[in-house]
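Chemist: Below is a structure I'd like to ask you about.
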Amino acid sequence: MFDITVNGVRHRVDVVPEMPLLWVLRDELGITSPKYGCGIAQCGACTVQVDGAAVRSCQARMADIAGKAITTIEAVGNGKLHPVQEAWIEHQVPQCGYCQTGQIIQAISLLETIPNPTDEDINEVMSGNLCRCGTYERIRVAIHAAAKKIGGI
């Protein structure tokens with residue numbers, strides 16, 4: 001049995017220690033916003049925040065996550081759109097949308113760490129989040145716009 005807090009709600013799950021957080025979220029808790037993309041932490045579709053840091057949930061084992069606070073896209077705006085989500089909409093970032101929850105969570109973590117990122121900062125931090133539709137330029141523009149909204153620039 002493991003205790004985790006997801007989006008402010010405490011859960012007790014009966015899973016094996018090696019079970020990835022992604023499958024706990026999706027299969028045990030019914031939270032399907034983190035997506036399965038590769039299973040080897042190379043695409044970023046499964047990105048969530050664990051104690052405030054962006055983490056690839058497909059490789060985060062429950063034994064390592066127990067007792068920590070998990071945030072998925074559902075909780076990032078506290079009931080309203082987060083400035084990153086607003087910027088995503090304003091700059092029409094999504095195309096197919098599959099990778100977007102991971103992209104947004106990673107962008108939020110970036111701006112929490114680097115409030116005024118350069119293009120190089122964005123490229124480096126976001127490089128682990130793949131977009132098969134190739135919306136990288138729109139992602140970069142939206143991150144700069146979100147930084148302005150938050151007050152980093």
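We name chains A, B, ... following the order of the structure tokens; residues begin at 1 in each chain, and ligands are numbered from 1 as shown.
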Report as a PyMOL selection string: the residues of chain A with a DSSP assignment of helix (DSSP H, G or I), based on the backbone of this structure.
Modeler: chain A and resi 21-28+62-65+73-75+83-90+100-113+119-126+136-150
Chemist: Can you tell me which residues surround A:Leu130 at a distance of at most 10 Å, considering only C-alpha atoms, apart from same-chain residues fewer than 5 positions away, and format the answer as a list in words?
Modeler: Gly37, Gln42, Cys43, Gly44, Ala45, Cys99, Gln100, Gly102, Gln103, Thr135 and Tyr136 of chain A
Chemist: Excluding same-chain residues fewer than 3 positions from A:Gln59, what lies within 9 Å of it counting only C-alpha atoms, as a list in words?
Modeler: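 So the residues in contact are Met19, Pro20, Leu21, Leu22, Gly39, Ile40, Ala41, Val55 and Arg56 of chain A.
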Chemist: Set the distance at 12 Å and use only C-alpha atoms: which residues neighbour A:Leu29 once local chain neighbours fewer than 5 positions away are removed? I'd like the list as a ChimeraX atom specification.
Modeler: /A:4-7,9-15,21-24,34
Chemist: Kindly save the residues from that selection, with C-alpha atoms included, as a tab-separated table (two decimals), in the first residue's frame.
Modeler:
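The result, stored in part18.tsv:
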```
chain	number	residue	atom	x	y	z
A	4	ILE	CA	0.16	9.66	-2.54
A	5	THR	CA	-1.52	13.01	-2.85
A	6	VAL	CA	-2.78	13.77	-6.35
A	7	ASN	CA	-4.12	17.24	-7.08
A	9	VAL	CA	-6.48	14.63	-2.68
A	10	ARG	CA	-4.84	11.86	-0.66
A	11	HIS	CA	-5.08	8.35	-2.09
A	12	ARG	CA	-4.02	4.96	-0.81
A	13	VAL	CA	-3.21	2.54	-3.61
A	14	ASP	CA	-2.45	-1.17	-3.41
A	15	VAL	CA	0.13	-1.67	-6.14
A	21	LEU	CA	3.18	6.39	-11.46
A	22	LEU	CA	1.67	6.76	-14.95
A	23	TRP	CA	-0.25	3.51	-14.56
A	24	VAL	CA	-1.30	4.33	-11.02
A	34	PRO	CA	-0.82	12.08	-18.49
```
Chemist: Hey, can you check how far atom CA of A:Ile89 sits from atom CA of A:Val50?
Modeler: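 Taking atom CA of A:Ile89 as the start and atom CA of A:Val50 as the end point, the length is 25.0 Å.
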Chemist: Would you please work out which residue, of A:Cys96, A:Met1, A:Ala54, A:Ile104, is nearest to A:Val84 when using only C-alpha atoms?
Modeler: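 Selected residue with least distance to A:Val84: A:Ile104.
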